[in-house]
Amino acid sequence: MTIDQKLNVVPFISVDHMMKLVLKVGIDTFLIELAATIEEDFRRWPAFDKTPRVASHSHEGVIELMPTSDGTLYGFKYVNGHPKNTRQGRQTVTAFGVLSDVGNGYPMLLSEMTILTALRTAATSAVAAKFLARSGSRTMAIIGNGAQSEFQARAFKALLGTDKLRLFDIDPSATRKCARNLEGLGFTIVECGSVEEAVEGADIVTTVTADKQYATILSDNHVGPGVHINAVGGDCPGKTELGKDILLRSDIFVEYPPQTRIEGEIQQLPSDHAVTEVWQVITGEAVGRRNDGQITLFDSVGFAIEDFSALRYVRAKIAELNMFEELDLLADPDDPRDLYGMLLRCEKKLSAV
């Protein structure tokens with residue numbers, strides 16, 4: 001069957017289906033194709049509705065809704081961020097998303113997005129680095145070796161050929177886990193005992209830590225000329241990873257300034273500090289890397305358009321591969337004006353049993 005035949009049914013991608021879909025396509029191919037979809041939507045960035053995500057903050061974490069629309073499709077993601085969850089055997093980040101038809105308002109897809117968010121975050125990082133990192137960048141330091149680290153490594157290798165990894169985490173078991181998961185995939189991996197050791201000789205430095213606090217994971221003395229910094233972990237008010245002096249030495253690139261100024265590394269800077277939007281670099285409206293000595297910083301907090309791209313890509317893939325479940329989510333009475341009558345007919349059926 002196609003995914004449009006039954007009005008009551010919304011295609012649903014469970015965690016199991018998402019894993020099987022990614023593996024059927026192939027992780028590297030999935031990342032490459034997803035990155036192409038994200039880049040395609042970045043190139044038409046002005047066509048989208050944009051707003052900072054709606055966030056409900058607590059002492060324990062944050063729950064957010066991330067909506068956007070291109071006028072034809074509407075998408076949103078529900079996502080949380082609770083760093084203490086791992087102590088209870090839970091994920092720090094979980095998510096699900098919906099893609100809908102603007103013309104009739106009907107959902108077209110309901111999908112898990114815990115795995116998909118990890119993939120789209122890594123793909124977005126690699127897209128930005130394609131335009132901002134030095135040509136031929138082969139060595140990446142990954143500071144923070146939790147749930148996102150392997151996805152970042154796979155995306156950068158698939159898109160940029162970055163195949164030398166220097167790993168560090170304050171928890172050595174996380175570094176061992178990351179190295180073990182990436183074994184046999186063509187990486188040269190060095191497990192490091194400090195940030196200083198990890199950044200030595202790195203062309204790209206990815207920071208992807210989880211703690212919800214003002215932190216200085218990367219100090220000014222860690223960053224040499226020409227490095228591209230992929231700052232992924234800072235994604236809410238009161239949470240940073242980079243020393244302020246790094247920001248003052250770097251050319252800073254962001255997704256959506258009104259959101260990044262609240263949540264990103266640049267929350268440490270005055271509200272009028274100059275930044276460049278990544279979509280402008282991708283379309284050629286702004287300059288990205290000017291020379292090999294320039295320090296570029298992608299202050300990534302994640303934006304709804306990236307999730308929209310991910311949902312759009314996945315919907316096309318499940319239609320092609322027929323990998324989804326049917327979820328009876330929408331009422332579909334015989335007469336659209338007689339919703340109550342639909343309830344009465346169900347009552348009669350139950351009484352007849």
# chains A, B, ... in the order shown; residues from 1 in each chain; ligands from 1
call {"tool": "residues_around", "arguments": {"residues": "Leu73 in chain A", "least_positions_apart": "2", "cutoff": "6 Å", "atoms": "only C-alpha atoms", "output": "mmCIF file with all heavy atoms, in the first residue's frame"}}
result
data_model
loop_
_atom_site.group_PDB
_atom_site.id
_atom_site.type_symbol
_atom_site.label_atom_id
_atom_site.label_comp_id
_atom_site.auth_asym_id
_atom_site.auth_seq_id
_atom_site.Cartn_x
_atom_site.Cartn_y
_atom_site.Cartn_z
ATOM 1 N N SER A 69 7.423 25.819 9.085
ATOM 2 C CA SER A 69 6.655 25.478 7.889
ATOM 3 C C SER A 69 7.257 26.180 6.688
ATOM 4 O O SER A 69 7.759 27.306 6.799
ATOM 5 C CB SER A 69 5.193 25.909 8.047
ATOM 6 O OG SER A 69 4.482 25.736 6.831
ATOM 7 N N ASP A 70 7.187 25.504 5.528
ATOM 8 C CA ASP A 70 7.614 26.145 4.286
ATOM 9 C C ASP A 70 6.414 26.581 3.448
ATOM 10 O O ASP A 70 6.550 26.935 2.282
ATOM 11 C CB ASP A 70 8.524 25.221 3.470
ATOM 12 C CG ASP A 70 7.801 23.982 2.945
ATOM 13 O OD1 ASP A 70 6.625 23.755 3.315
ATOM 14 O OD2 ASP A 70 8.417 23.230 2.165
ATOM 15 N N GLY A 71 5.216 26.556 4.054
ATOM 16 C CA GLY A 71 4.001 26.947 3.353
ATOM 17 C C GLY A 71 3.275 25.790 2.710
ATOM 18 O O GLY A 71 2.082 25.883 2.423
ATOM 19 N N SER A 100 3.136 17.522 8.657
ATOM 20 C CA SER A 100 1.733 17.670 8.269
ATOM 21 C C SER A 100 1.590 18.403 6.946
ATOM 22 O O SER A 100 2.499 19.119 6.500
ATOM 23 C CB SER A 100 0.963 18.452 9.351
ATOM 24 O OG SER A 100 0.990 17.783 10.586
ATOM 25 N N ASP A 101 0.409 18.239 6.355
ATOM 26 C CA ASP A 101 0.036 18.910 5.106
ATOM 27 C C ASP A 101 -0.613 20.247 5.462
ATOM 28 O O ASP A 101 -1.656 20.287 6.115
ATOM 29 C CB ASP A 101 -0.936 18.015 4.337
ATOM 30 C CG ASP A 101 -1.298 18.570 2.962
ATOM 31 O OD1 ASP A 101 -1.308 19.800 2.790
ATOM 32 O OD2 ASP A 101 -1.599 17.760 2.070
ATOM 33 N N VAL A 102 0.000 21.342 5.046
ATOM 34 C CA VAL A 102 -0.542 22.666 5.351
ATOM 35 C C VAL A 102 -1.924 22.849 4.717
ATOM 36 O O VAL A 102 -2.805 23.505 5.278
ATOM 37 C CB VAL A 102 0.424 23.771 4.871
ATOM 38 C CG1 VAL A 102 -0.229 25.148 4.938
ATOM 39 C CG2 VAL A 102 1.692 23.752 5.711
#
call {"tool": "residues_around", "arguments": {"residues": "Ala55 in chain A", "least_positions_apart": "5", "cutoff": "8 Å", "atoms": "only C-alpha atoms", "output": "list in words"}}
result
Val62, Ile63, Glu64 and Leu65 of chain A
call {"tool": "write_last_selection", "arguments": {"atoms": "N, CA, C and O atoms", "output": "short mmCIF file (atom, residue, chain, number, x, y, z; two decimals), in the first residue's frame"}}
result
data_model
loop_
_atom_site.label_atom_id
_atom_site.label_comp_id
_atom_site.auth_asym_id
_atom_site.auth_seq_id
_atom_site.Cartn_x
_atom_site.Cartn_y
_atom_site.Cartn_z
N VAL A 62 15.06 20.56 30.33
CA VAL A 62 14.21 21.39 29.48
C VAL A 62 13.36 20.50 28.58
O VAL A 62 13.79 19.40 28.18
N ILE A 63 12.14 20.94 28.30
CA ILE A 63 11.27 20.31 27.31
C ILE A 63 10.94 21.38 26.29
O ILE A 63 10.56 22.50 26.64
N GLU A 64 11.09 21.02 25.00
CA GLU A 64 10.96 22.03 23.95
C GLU A 64 10.07 21.55 22.82
O GLU A 64 10.01 20.35 22.52
N LEU A 65 9.41 22.51 22.18
CA LEU A 65 8.71 22.28 20.92
C LEU A 65 9.38 23.12 19.85
O LEU A 65 9.67 24.31 20.06
#
call {"tool": "residues_around", "arguments": {"residues": "range 237-254 of chain A", "least_positions_apart": "5", "cutoff": "9 Å", "atoms": "only C-alpha atoms", "output": "MDAnalysis selection string"}}
result
chainID A and resid 128 132 207:221 223 231:232 260:269 274:279 281 288:289 294:301
call {"tool": "closest_atom_pairs", "arguments": {"of": "range 41-154 of chain A", "to": "range 167-183 of chain A", "cutoff": "8 Å", "atoms": "only C-alpha atoms", "output": "Markdown table"}}
result
| residue | atom | partner | partner_atom | distance |
| --- | --- | --- | --- | --- |
| A:Ala141 | CA | A:Leu167 | CA | 5.9 |
| A:Ile142 | CA | A:Leu167 | CA | 5.1 |
| A:Ile143 | CA | A:Phe168 | CA | 5.1 |
| A:Gly144 | CA | A:Asp169 | CA | 4.8 |
| A:Asn145 | CA | A:Ala174 | CA | 5.4 |
| A:Gly146 | CA | A:Ala174 | CA | 6.1 |
| A:Ser149 | CA | A:Cys178 | CA | 7.0 |
| A:Glu150 | CA | A:Cys178 | CA | 6.2 |
call {"tool": "atom_distance", "arguments": {"atom1": "CA of Ile204 in chain A", "atom2": "CA of Ala123 in chain A"}}
result
15.1 Å
call {"tool": "closest_residue", "arguments": {"among": "A:Gln259, A:Asp328, A:Leu99, A:Val22", "to": "Val10 in chain A", "atoms": "only C-alpha atoms"}}
result
A:Asp328
